[in-house]
$ cat query_33.txt   # compact mmCIF, N, CA and C atoms
# COMPACT_ATOMS: atom_id res chain seq x y z
N MET R 1 -60.20 -6.52 42.58
CA MET R 1 -58.97 -6.39 43.33
C MET R 1 -58.36 -7.77 43.60
N ARG R 2 -59.21 -8.74 43.94
CA ARG R 2 -58.69 -10.08 44.22
C ARG R 2 -58.06 -10.70 42.98
N LEU R 3 -58.66 -10.45 41.84
CA LEU R 3 -58.11 -10.98 40.59
C LEU R 3 -56.73 -10.38 40.33
N LEU R 4 -56.58 -9.09 40.58
CA LEU R 4 -55.28 -8.44 40.40
C LEU R 4 -54.24 -9.04 41.35
N HIS R 5 -54.62 -9.25 42.60
CA HIS R 5 -53.68 -9.84 43.56
C HIS R 5 -53.29 -11.26 43.15
N ALA R 6 -54.26 -12.03 42.68
CA ALA R 6 -53.96 -13.40 42.23
C ALA R 6 -53.04 -13.38 41.01
N ALA R 7 -53.31 -12.47 40.09
CA ALA R 7 -52.47 -12.36 38.89
C ALA R 7 -51.06 -11.91 39.27
N ALA R 8 -50.97 -10.97 40.21
CA ALA R 8 -49.65 -10.50 40.66
C ALA R 8 -48.87 -11.63 41.33
N LEU R 9 -49.56 -12.43 42.14
CA LEU R 9 -48.90 -13.56 42.79
C LEU R 9 -48.44 -14.59 41.75
N LEU R 10 -49.29 -14.90 40.79
CA LEU R 10 -48.91 -15.84 39.74
C LEU R 10 -47.74 -15.29 38.92
N SER R 11 -47.76 -13.99 38.65
CA SER R 11 -46.64 -13.36 37.94
C SER R 11 -45.34 -13.53 38.71
N LEU R 12 -45.40 -13.31 40.01
CA LEU R 12 -44.21 -13.45 40.85
C LEU R 12 -43.69 -14.89 40.85
N ILE R 13 -44.60 -15.83 40.99
CA ILE R 13 -44.21 -17.25 41.03
C ILE R 13 -43.58 -17.67 39.70
N LEU R 14 -44.21 -17.34 38.59
CA LEU R 14 -43.68 -17.74 37.28
C LEU R 14 -42.35 -17.06 36.97
N THR R 15 -42.27 -15.76 37.25
CA THR R 15 -41.03 -15.03 36.98
C THR R 15 -39.90 -15.55 37.87
N GLY R 16 -40.21 -15.81 39.13
CA GLY R 16 -39.20 -16.38 40.02
C GLY R 16 -38.77 -17.76 39.59
N ALA R 17 -39.71 -18.56 39.09
CA ALA R 17 -39.37 -19.91 38.65
C ALA R 17 -38.44 -19.89 37.44
N ILE R 18 -38.73 -19.04 36.46
CA ILE R 18 -37.88 -19.03 35.27
C ILE R 18 -36.54 -18.40 35.57
N PHE R 19 -36.52 -17.37 36.42
CA PHE R 19 -35.23 -16.80 36.84
C PHE R 19 -34.39 -17.86 37.55
N GLY R 20 -35.00 -18.60 38.45
CA GLY R 20 -34.28 -19.65 39.18
C GLY R 20 -33.77 -20.73 38.25
N PHE R 21 -34.57 -21.08 37.26
CA PHE R 21 -34.15 -22.10 36.29
C PHE R 21 -32.89 -21.64 35.55
N PHE R 22 -32.92 -20.41 35.01
CA PHE R 22 -31.76 -19.90 34.29
C PHE R 22 -30.56 -19.73 35.22
N TYR R 23 -30.82 -19.25 36.44
CA TYR R 23 -29.75 -19.00 37.41
C TYR R 23 -29.02 -20.28 37.79
N ALA R 24 -29.75 -21.37 37.91
CA ALA R 24 -29.12 -22.65 38.26
C ALA R 24 -28.08 -23.05 37.20
N TRP R 25 -28.37 -22.75 35.95
CA TRP R 25 -27.40 -23.04 34.89
C TRP R 25 -26.16 -22.17 35.05
N VAL R 26 -26.36 -20.91 35.45
CA VAL R 26 -25.24 -19.98 35.62
C VAL R 26 -24.31 -20.43 36.74
N CYS R 27 -24.87 -20.78 37.88
CA CYS R 27 -24.05 -20.95 39.08
C CYS R 27 -23.65 -22.38 39.39
N SER R 28 -24.11 -23.35 38.62
CA SER R 28 -23.68 -24.71 38.94
C SER R 28 -23.63 -25.65 37.73
N THR R 29 -24.69 -25.75 37.00
CA THR R 29 -24.78 -26.79 35.97
C THR R 29 -23.67 -26.67 34.92
N MET R 30 -23.53 -25.50 34.34
CA MET R 30 -22.53 -25.35 33.28
C MET R 30 -21.12 -25.43 33.83
N TRP R 31 -20.90 -24.89 35.02
CA TRP R 31 -19.56 -25.00 35.63
C TRP R 31 -19.22 -26.47 35.86
N GLY R 32 -20.20 -27.24 36.30
CA GLY R 32 -19.97 -28.66 36.50
C GLY R 32 -19.66 -29.38 35.21
N LEU R 33 -20.41 -29.07 34.17
CA LEU R 33 -20.15 -29.69 32.87
C LEU R 33 -18.78 -29.30 32.32
N ASP R 34 -18.38 -28.05 32.56
CA ASP R 34 -17.06 -27.60 32.10
C ASP R 34 -15.92 -28.35 32.80
N GLN R 35 -16.18 -28.90 33.97
CA GLN R 35 -15.15 -29.61 34.73
C GLN R 35 -15.04 -31.09 34.37
N THR R 36 -15.94 -31.57 33.56
CA THR R 36 -15.94 -32.99 33.23
C THR R 36 -15.35 -33.24 31.84
N ASP R 37 -15.22 -34.46 31.50
CA ASP R 37 -14.74 -34.86 30.18
C ASP R 37 -15.67 -34.27 29.11
N PRO R 38 -15.13 -33.65 28.06
CA PRO R 38 -15.97 -33.01 27.05
C PRO R 38 -16.99 -33.94 26.39
N VAL R 39 -16.62 -35.20 26.18
CA VAL R 39 -17.59 -36.14 25.59
C VAL R 39 -18.76 -36.33 26.54
N VAL R 40 -18.47 -36.44 27.83
CA VAL R 40 -19.52 -36.58 28.84
C VAL R 40 -20.36 -35.31 28.90
N ALA R 41 -19.69 -34.14 28.85
CA ALA R 41 -20.41 -32.86 28.90
C ALA R 41 -21.38 -32.73 27.73
N ILE R 42 -20.90 -33.07 26.54
CA ILE R 42 -21.76 -32.98 25.35
C ILE R 42 -22.94 -33.94 25.47
N THR R 43 -22.67 -35.16 25.85
CA THR R 43 -23.73 -36.16 25.99
C THR R 43 -24.74 -35.74 27.05
N ALA R 44 -24.25 -35.23 28.18
CA ALA R 44 -25.15 -34.80 29.26
C ALA R 44 -25.99 -33.61 28.82
N MET R 45 -25.37 -32.64 28.14
CA MET R 45 -26.11 -31.47 27.69
C MET R 45 -27.15 -31.86 26.65
N GLN R 46 -26.81 -32.77 25.77
CA GLN R 46 -27.78 -33.24 24.78
C GLN R 46 -28.98 -33.87 25.49
N ALA R 47 -28.73 -34.66 26.52
CA ALA R 47 -29.82 -35.30 27.26
C ALA R 47 -30.66 -34.27 28.00
N MET R 48 -30.01 -33.28 28.62
CA MET R 48 -30.78 -32.24 29.34
C MET R 48 -31.62 -31.42 28.38
N ASN R 49 -31.03 -31.06 27.24
CA ASN R 49 -31.79 -30.28 26.25
C ASN R 49 -32.98 -31.07 25.72
N ALA R 50 -32.81 -32.36 25.54
CA ALA R 50 -33.91 -33.20 25.04
C ALA R 50 -35.02 -33.35 26.08
N SER R 51 -34.66 -33.31 27.35
CA SER R 51 -35.66 -33.55 28.39
C SER R 51 -36.31 -32.28 28.94
N VAL R 52 -35.79 -31.11 28.60
CA VAL R 52 -36.31 -29.87 29.21
C VAL R 52 -37.70 -29.51 28.69
N ARG R 53 -38.05 -29.98 27.54
CA ARG R 53 -39.38 -29.69 27.00
C ARG R 53 -40.39 -30.62 27.66
N ASN R 54 -40.90 -30.17 28.81
CA ASN R 54 -41.80 -31.00 29.61
C ASN R 54 -42.84 -30.13 30.30
N LEU R 55 -43.82 -30.75 30.91
CA LEU R 55 -44.92 -30.00 31.54
C LEU R 55 -44.50 -29.22 32.77
N ALA R 56 -43.42 -29.60 33.42
CA ALA R 56 -42.95 -28.84 34.58
C ALA R 56 -42.31 -27.52 34.14
N PHE R 57 -41.63 -27.54 33.01
CA PHE R 57 -40.94 -26.36 32.49
C PHE R 57 -41.89 -25.42 31.74
N LEU R 58 -42.88 -25.98 31.09
CA LEU R 58 -43.79 -25.24 30.21
C LEU R 58 -44.39 -23.97 30.84
N PRO R 59 -45.01 -24.02 32.01
CA PRO R 59 -45.67 -22.81 32.52
C PRO R 59 -44.70 -21.65 32.74
N ALA R 60 -43.57 -21.92 33.36
CA ALA R 60 -42.64 -20.83 33.65
C ALA R 60 -42.06 -20.23 32.37
N PHE R 61 -41.70 -21.07 31.43
CA PHE R 61 -41.08 -20.55 30.21
C PHE R 61 -42.08 -19.87 29.29
N PHE R 62 -43.21 -20.52 29.03
CA PHE R 62 -44.15 -20.01 28.04
C PHE R 62 -45.19 -19.04 28.58
N PHE R 63 -45.56 -19.13 29.84
CA PHE R 63 -46.67 -18.33 30.36
C PHE R 63 -46.24 -17.09 31.13
N THR R 64 -44.95 -16.95 31.45
CA THR R 64 -44.51 -15.81 32.26
C THR R 64 -44.84 -14.48 31.59
N ALA R 65 -44.41 -14.29 30.36
CA ALA R 65 -44.66 -13.01 29.69
C ALA R 65 -46.16 -12.73 29.54
N PRO R 66 -46.97 -13.67 29.05
CA PRO R 66 -48.40 -13.38 28.95
C PRO R 66 -49.05 -13.06 30.30
N VAL R 67 -48.69 -13.78 31.35
CA VAL R 67 -49.28 -13.51 32.66
C VAL R 67 -48.86 -12.13 33.17
N LEU R 68 -47.60 -11.76 32.96
CA LEU R 68 -47.16 -10.41 33.35
C LEU R 68 -47.95 -9.34 32.59
N LEU R 69 -48.18 -9.56 31.31
CA LEU R 69 -48.92 -8.57 30.51
C LEU R 69 -50.40 -8.54 30.89
N ILE R 70 -50.97 -9.68 31.21
CA ILE R 70 -52.35 -9.71 31.71
C ILE R 70 -52.44 -8.98 33.04
N THR R 71 -51.47 -9.18 33.90
CA THR R 71 -51.44 -8.49 35.20
C THR R 71 -51.32 -6.99 34.99
N ALA R 72 -50.50 -6.57 34.04
CA ALA R 72 -50.38 -5.15 33.73
C ALA R 72 -51.72 -4.57 33.28
N THR R 73 -52.43 -5.32 32.45
CA THR R 73 -53.73 -4.88 31.97
C THR R 73 -54.74 -4.77 33.11
N LEU R 74 -54.77 -5.76 33.98
CA LEU R 74 -55.68 -5.71 35.14
C LEU R 74 -55.35 -4.52 36.03
N ALA R 75 -54.07 -4.28 36.26
CA ALA R 75 -53.67 -3.15 37.09
C ALA R 75 -54.09 -1.83 36.44
N TRP R 76 -53.94 -1.73 35.15
CA TRP R 76 -54.34 -0.52 34.42
C TRP R 76 -55.84 -0.27 34.56
N TRP R 77 -56.63 -1.33 34.39
CA TRP R 77 -58.08 -1.21 34.50
C TRP R 77 -58.50 -0.79 35.90
N GLN R 78 -57.71 -1.14 36.88
CA GLN R 78 -58.04 -0.78 38.27
C GLN R 78 -57.34 0.51 38.71
N GLN R 79 -56.92 1.28 37.73
CA GLN R 79 -56.29 2.59 37.99
C GLN R 79 -54.98 2.49 38.77
N ARG R 80 -54.33 1.37 38.71
CA ARG R 80 -53.02 1.16 39.35
C ARG R 80 -51.95 1.38 38.28
N ARG R 81 -51.80 2.62 37.87
CA ARG R 81 -50.95 2.94 36.72
C ARG R 81 -49.47 2.60 36.95
N VAL R 82 -48.95 2.91 38.12
CA VAL R 82 -47.54 2.61 38.40
C VAL R 82 -47.31 1.10 38.39
N SER R 83 -48.19 0.37 39.06
CA SER R 83 -48.08 -1.09 39.06
C SER R 83 -48.20 -1.65 37.65
N ALA R 84 -49.14 -1.10 36.89
CA ALA R 84 -49.30 -1.55 35.50
C ALA R 84 -48.01 -1.35 34.72
N GLY R 85 -47.38 -0.21 34.93
CA GLY R 85 -46.12 0.08 34.24
C GLY R 85 -45.02 -0.91 34.60
N PHE R 86 -44.94 -1.26 35.88
CA PHE R 86 -43.92 -2.23 36.30
C PHE R 86 -44.19 -3.62 35.72
N PHE R 87 -45.44 -4.04 35.75
CA PHE R 87 -45.77 -5.36 35.18
C PHE R 87 -45.57 -5.37 33.66
N LEU R 88 -45.91 -4.27 33.01
CA LEU R 88 -45.68 -4.18 31.56
C LEU R 88 -44.18 -4.26 31.26
N ALA R 89 -43.39 -3.50 31.99
CA ALA R 89 -41.94 -3.52 31.79
C ALA R 89 -41.38 -4.92 32.03
N ALA R 90 -41.84 -5.56 33.09
CA ALA R 90 -41.37 -6.92 33.40
C ALA R 90 -41.73 -7.88 32.28
N GLY R 91 -42.95 -7.76 31.76
CA GLY R 91 -43.38 -8.63 30.66
C GLY R 91 -42.55 -8.42 29.41
N MET R 92 -42.23 -7.17 29.13
CA MET R 92 -41.41 -6.87 27.95
C MET R 92 -39.97 -7.35 28.14
N VAL R 93 -39.42 -7.10 29.33
CA VAL R 93 -38.03 -7.51 29.59
C VAL R 93 -37.90 -9.03 29.49
N TYR R 94 -38.80 -9.77 30.14
CA TYR R 94 -38.71 -11.22 30.04
C TYR R 94 -39.07 -11.70 28.63
N GLY R 95 -40.13 -11.14 28.05
CA GLY R 95 -40.56 -11.59 26.73
C GLY R 95 -39.47 -11.45 25.68
N LEU R 96 -38.78 -10.31 25.71
CA LEU R 96 -37.72 -10.07 24.73
C LEU R 96 -36.37 -10.64 25.17
N GLY R 97 -36.02 -10.38 26.44
CA GLY R 97 -34.69 -10.72 26.92
C GLY R 97 -34.56 -12.09 27.54
N GLY R 98 -35.66 -12.80 27.70
CA GLY R 98 -35.64 -14.15 28.24
C GLY R 98 -36.19 -15.13 27.22
N PHE R 99 -37.46 -14.99 26.92
CA PHE R 99 -38.14 -15.93 26.02
C PHE R 99 -37.59 -15.84 24.59
N LEU R 100 -37.64 -14.64 24.01
CA LEU R 100 -37.22 -14.49 22.62
C LEU R 100 -35.72 -14.78 22.45
N LEU R 101 -34.92 -14.31 23.40
CA LEU R 101 -33.48 -14.60 23.35
C LEU R 101 -33.24 -16.11 23.34
N THR R 102 -33.96 -16.82 24.18
CA THR R 102 -33.83 -18.28 24.23
C THR R 102 -34.20 -18.90 22.88
N ALA R 103 -35.32 -18.46 22.33
CA ALA R 103 -35.79 -19.03 21.07
C ALA R 103 -34.84 -18.73 19.91
N LEU R 104 -34.25 -17.54 19.91
CA LEU R 104 -33.41 -17.14 18.79
C LEU R 104 -31.94 -17.53 18.93
N ILE R 105 -31.47 -17.74 20.17
CA ILE R 105 -30.04 -18.00 20.36
C ILE R 105 -29.78 -19.33 21.04
N ASN R 106 -30.30 -19.51 22.26
CA ASN R 106 -29.97 -20.73 23.00
C ASN R 106 -30.51 -22.00 22.34
N VAL R 107 -31.74 -21.95 21.87
CA VAL R 107 -32.31 -23.14 21.23
C VAL R 107 -31.54 -23.53 19.97
N PRO R 108 -31.20 -22.58 19.07
CA PRO R 108 -30.38 -22.98 17.92
C PRO R 108 -29.01 -23.55 18.33
N LEU R 109 -28.40 -23.00 19.38
CA LEU R 109 -27.15 -23.58 19.86
C LEU R 109 -27.37 -25.01 20.33
N ASN R 110 -28.47 -25.22 21.05
CA ASN R 110 -28.80 -26.57 21.54
C ASN R 110 -29.08 -27.52 20.38
N ASP R 111 -29.81 -27.03 19.38
CA ASP R 111 -30.12 -27.87 18.22
C ASP R 111 -28.85 -28.27 17.47
N ALA R 112 -27.91 -27.33 17.35
CA ALA R 112 -26.64 -27.65 16.69
C ALA R 112 -25.85 -28.68 17.49
N LEU R 113 -25.85 -28.53 18.82
CA LEU R 113 -25.14 -29.50 19.66
C LEU R 113 -25.78 -30.88 19.57
N ALA R 114 -27.08 -30.92 19.38
CA ALA R 114 -27.78 -32.21 19.28
C ALA R 114 -27.31 -33.03 18.08
N GLN R 115 -26.77 -32.36 17.08
CA GLN R 115 -26.31 -33.04 15.86
C GLN R 115 -24.87 -33.54 15.97
N VAL R 116 -24.19 -33.19 17.07
CA VAL R 116 -22.77 -33.50 17.24
C VAL R 116 -22.58 -34.89 17.82
N SER R 117 -21.62 -35.59 17.25
CA SER R 117 -21.19 -36.88 17.79
C SER R 117 -19.67 -36.95 17.62
N PRO R 118 -18.93 -36.31 18.53
CA PRO R 118 -17.48 -36.19 18.35
C PRO R 118 -16.79 -37.56 18.32
N ALA R 119 -15.84 -37.68 17.40
CA ALA R 119 -15.14 -38.95 17.23
C ALA R 119 -14.04 -39.15 18.27
N ASN R 120 -13.48 -38.05 18.77
CA ASN R 120 -12.42 -38.19 19.76
C ASN R 120 -12.49 -37.06 20.79
N VAL R 121 -11.71 -37.20 21.84
CA VAL R 121 -11.74 -36.25 22.94
C VAL R 121 -11.26 -34.87 22.51
N ALA R 122 -10.28 -34.80 21.63
CA ALA R 122 -9.78 -33.50 21.17
C ALA R 122 -10.88 -32.74 20.42
N ASP R 123 -11.58 -33.43 19.52
CA ASP R 123 -12.70 -32.80 18.82
C ASP R 123 -13.78 -32.38 19.80
N ALA R 124 -14.09 -33.24 20.74
CA ALA R 124 -15.12 -32.94 21.73
C ALA R 124 -14.73 -31.73 22.56
N GLY R 125 -13.47 -31.62 22.93
CA GLY R 125 -13.01 -30.47 23.71
C GLY R 125 -13.22 -29.16 22.98
N ALA R 126 -12.86 -29.13 21.71
CA ALA R 126 -13.03 -27.91 20.92
C ALA R 126 -14.51 -27.58 20.74
N ILE R 127 -15.30 -28.59 20.45
CA ILE R 127 -16.75 -28.38 20.28
C ILE R 127 -17.36 -27.86 21.58
N TRP R 128 -17.02 -28.49 22.69
CA TRP R 128 -17.61 -28.10 23.97
C TRP R 128 -17.18 -26.69 24.37
N ARG R 129 -15.91 -26.34 24.20
CA ARG R 129 -15.45 -25.00 24.59
C ARG R 129 -16.19 -23.92 23.81
N GLU R 130 -16.35 -24.12 22.52
CA GLU R 130 -17.06 -23.13 21.71
C GLU R 130 -18.53 -23.04 22.13
N TYR R 131 -19.17 -24.18 22.24
CA TYR R 131 -20.59 -24.21 22.62
C TYR R 131 -20.78 -23.61 24.01
N SER R 132 -20.03 -24.07 24.98
CA SER R 132 -20.21 -23.66 26.36
C SER R 132 -20.00 -22.15 26.53
N GLY R 133 -18.96 -21.62 25.90
CA GLY R 133 -18.70 -20.18 26.02
C GLY R 133 -19.85 -19.35 25.48
N ASN R 134 -20.30 -19.68 24.27
CA ASN R 134 -21.43 -18.95 23.66
C ASN R 134 -22.70 -19.13 24.48
N TRP R 135 -22.99 -20.37 24.82
CA TRP R 135 -24.23 -20.68 25.53
C TRP R 135 -24.26 -19.99 26.88
N GLN R 136 -23.15 -20.03 27.61
CA GLN R 136 -23.11 -19.41 28.94
C GLN R 136 -23.24 -17.89 28.87
N PHE R 137 -22.64 -17.27 27.86
CA PHE R 137 -22.79 -15.82 27.72
C PHE R 137 -24.26 -15.45 27.58
N TRP R 138 -24.94 -16.11 26.64
CA TRP R 138 -26.34 -15.78 26.38
C TRP R 138 -27.24 -16.23 27.52
N ASN R 139 -26.89 -17.30 28.20
CA ASN R 139 -27.67 -17.70 29.36
C ASN R 139 -27.54 -16.67 30.47
N THR R 140 -26.36 -16.10 30.65
CA THR R 140 -26.17 -15.05 31.65
C THR R 140 -27.02 -13.83 31.30
N VAL R 141 -27.07 -13.48 30.03
CA VAL R 141 -27.90 -12.34 29.60
C VAL R 141 -29.37 -12.60 29.92
N ARG R 142 -29.87 -13.78 29.58
CA ARG R 142 -31.29 -14.06 29.85
C ARG R 142 -31.55 -14.20 31.34
N THR R 143 -30.57 -14.65 32.10
CA THR R 143 -30.73 -14.72 33.56
C THR R 143 -30.84 -13.33 34.14
N ILE R 144 -29.97 -12.43 33.72
CA ILE R 144 -30.03 -11.04 34.19
C ILE R 144 -31.37 -10.41 33.82
N ASN R 145 -31.80 -10.62 32.58
CA ASN R 145 -33.09 -10.07 32.16
C ASN R 145 -34.24 -10.63 32.98
N SER R 146 -34.21 -11.92 33.24
CA SER R 146 -35.26 -12.54 34.05
C SER R 146 -35.22 -12.02 35.48
N GLY R 147 -34.02 -11.79 36.00
CA GLY R 147 -33.89 -11.19 37.33
C GLY R 147 -34.43 -9.78 37.36
N LEU R 148 -34.17 -9.01 36.32
CA LEU R 148 -34.73 -7.65 36.24
C LEU R 148 -36.25 -7.68 36.17
N ALA R 149 -36.78 -8.64 35.45
CA ALA R 149 -38.24 -8.78 35.36
C ALA R 149 -38.84 -9.12 36.72
N LEU R 150 -38.09 -9.87 37.50
CA LEU R 150 -38.56 -10.27 38.83
C LEU R 150 -38.63 -9.06 39.74

$ encode --input "query_33.txt" --output "structure tokens"
Amino acid sequence: MRLLHAAALLSLILTGAIFGFFYAWVCSTMWGLDQTDPVVAITAMQAMNASVRNLAFLPAFFFTAPVLLITATLAWWQQRRVSAGFFLAAGMVYGLGGFLLTALINVPLNDALAQVSPANVADAGAIWREYSGNWQFWNTVRTINSGLAL
């Protein structure tokens, strides 16, 4: 029982952390970048994307789905079928709608932006508007999915 409680607590912490990470981009970071000079926005986003792969980000992004699924398994073994179902659903929602979505959509958008070096402000404006619109849409989707998992 203690192991299940510990796993449930860790699941809550990790899911809350990744939801909060995605949510911060929705409600402030991208809006702030949209308000600045496009060359600055592109440069800043390139720097943030380059720095996000770090040990502070790793547990929430990579371990949330596995920990949720482990918690579901522990709950199932302890005859907590309803709880197991909720943890399983949360693991699937985040795994597919948060982690996989990021890997298949947001990361390729970030990788493409990393290759950009706009020659002038007009080019930068067009590049940033296209990138920001696509990126924010998919970030909102993964934020909602992470919130549902929470």

$ residues_around --input "query_33.txt" --residues "Leu113 in chain R" --least-positions-apart "3" --cutoff "8 Å" --atoms "all atoms listed in the file" --output "PyMOL selection string"
chain R and resi 42+45-46+107-110+116-117+131

$ write_last_selection --input "query_33.txt" --atoms "N, CA and C atoms" --output "compact mmCIF listing (two decimals), in the frame of the given file"
# COMPACT_ATOMS: atom_id res chain seq x y z
N ILE R 42 -20.90 -33.07 26.54
CA ILE R 42 -21.76 -32.98 25.35
C ILE R 42 -22.94 -33.94 25.47
N MET R 45 -25.37 -32.64 28.14
CA MET R 45 -26.11 -31.47 27.69
C MET R 45 -27.15 -31.86 26.65
N GLN R 46 -26.81 -32.77 25.77
CA GLN R 46 -27.78 -33.24 24.78
C GLN R 46 -28.98 -33.87 25.49
N VAL R 107 -31.74 -21.95 21.87
CA VAL R 107 -32.31 -23.14 21.23
C VAL R 107 -31.54 -23.53 19.97
N PRO R 108 -31.20 -22.58 19.07
CA PRO R 108 -30.38 -22.98 17.92
C PRO R 108 -29.01 -23.55 18.33
N LEU R 109 -28.40 -23.00 19.38
CA LEU R 109 -27.15 -23.58 19.86
C LEU R 109 -27.37 -25.01 20.33
N ASN R 110 -28.47 -25.22 21.05
CA ASN R 110 -28.80 -26.57 21.54
C ASN R 110 -29.08 -27.52 20.38
N VAL R 116 -24.19 -33.19 17.07
CA VAL R 116 -22.77 -33.50 17.24
C VAL R 116 -22.58 -34.89 17.82
N SER R 117 -21.62 -35.59 17.25
CA SER R 117 -21.19 -36.88 17.79
C SER R 117 -19.67 -36.95 17.62
N TYR R 131 -19.17 -24.18 22.24
CA TYR R 131 -20.59 -24.21 22.62
C TYR R 131 -20.78 -23.61 24.01

$ atom_distance --input "query_33.txt" --atom1 "CA of Phe87 in chain R" --atom2 "CA of Val52 in chain R"
26.9 Å

$ atom_distance --input "query_33.txt" --atom1 "atom C of Thr64 in chain R" --atom2 "atom N of Gly32 in chain R"
28.1 Å

$ atom_distance --input "query_33.txt" --atom1 "CA of Thr143 in chain R" --atom2 "CA of Phe22 in chain R"
5.3 Å

$ closest_residue --input "query_33.txt" --among "R:Gly147, R:Asn54, R:Asp123, R:Ala89" --to "Leu68 in chain R" --atoms "all atoms listed in the file"
R:Ala89

$ closest_residue --input "query_33.txt" --among "R:Ala124, R:Val93, R:Met1, R:Ala24" --to "Gln78 in chain R" --atoms "all atoms listed in the file"
R:Met1

$ closest_residue --input "query_33.txt" --among "R:Leu148, R:Leu55, R:Asn120, R:Leu4" --to "Ala75 in chain R" --atoms "only N, CA and C atoms"
R:Leu4

$ closest_residue --input "query_33.txt" --among "R:Val40, R:Ala122, R:Met30, R:Leu150" --to "Leu88 in chain R" --atoms "only C-alpha atoms"
R:Leu150

$ closest_residue --input "query_33.txt" --among "R:His5, R:Ile70, R:Val82, R:Ala60" --to "Phe19 in chain R" --atoms "only N, CA and C atoms"
R:Ala60

$ closest_residue --input "query_33.txt" --among "R:Met48, R:Ala41, R:Ala56, R:Met92" --to "Leu69 in chain R" --atoms "only N, CA and C atoms"
R:Met92

$ axis_aligned_box --input "query_33.txt" --around "range 93-110 of chain R" --padding-each-side "5 Å" --output "lines of an AutoDock Vina configuration file"
center_x = -33.9
center_y = -17.3
center_z = 24.0
size_x = 23.4
size_y = 30.4
size_z = 22.2
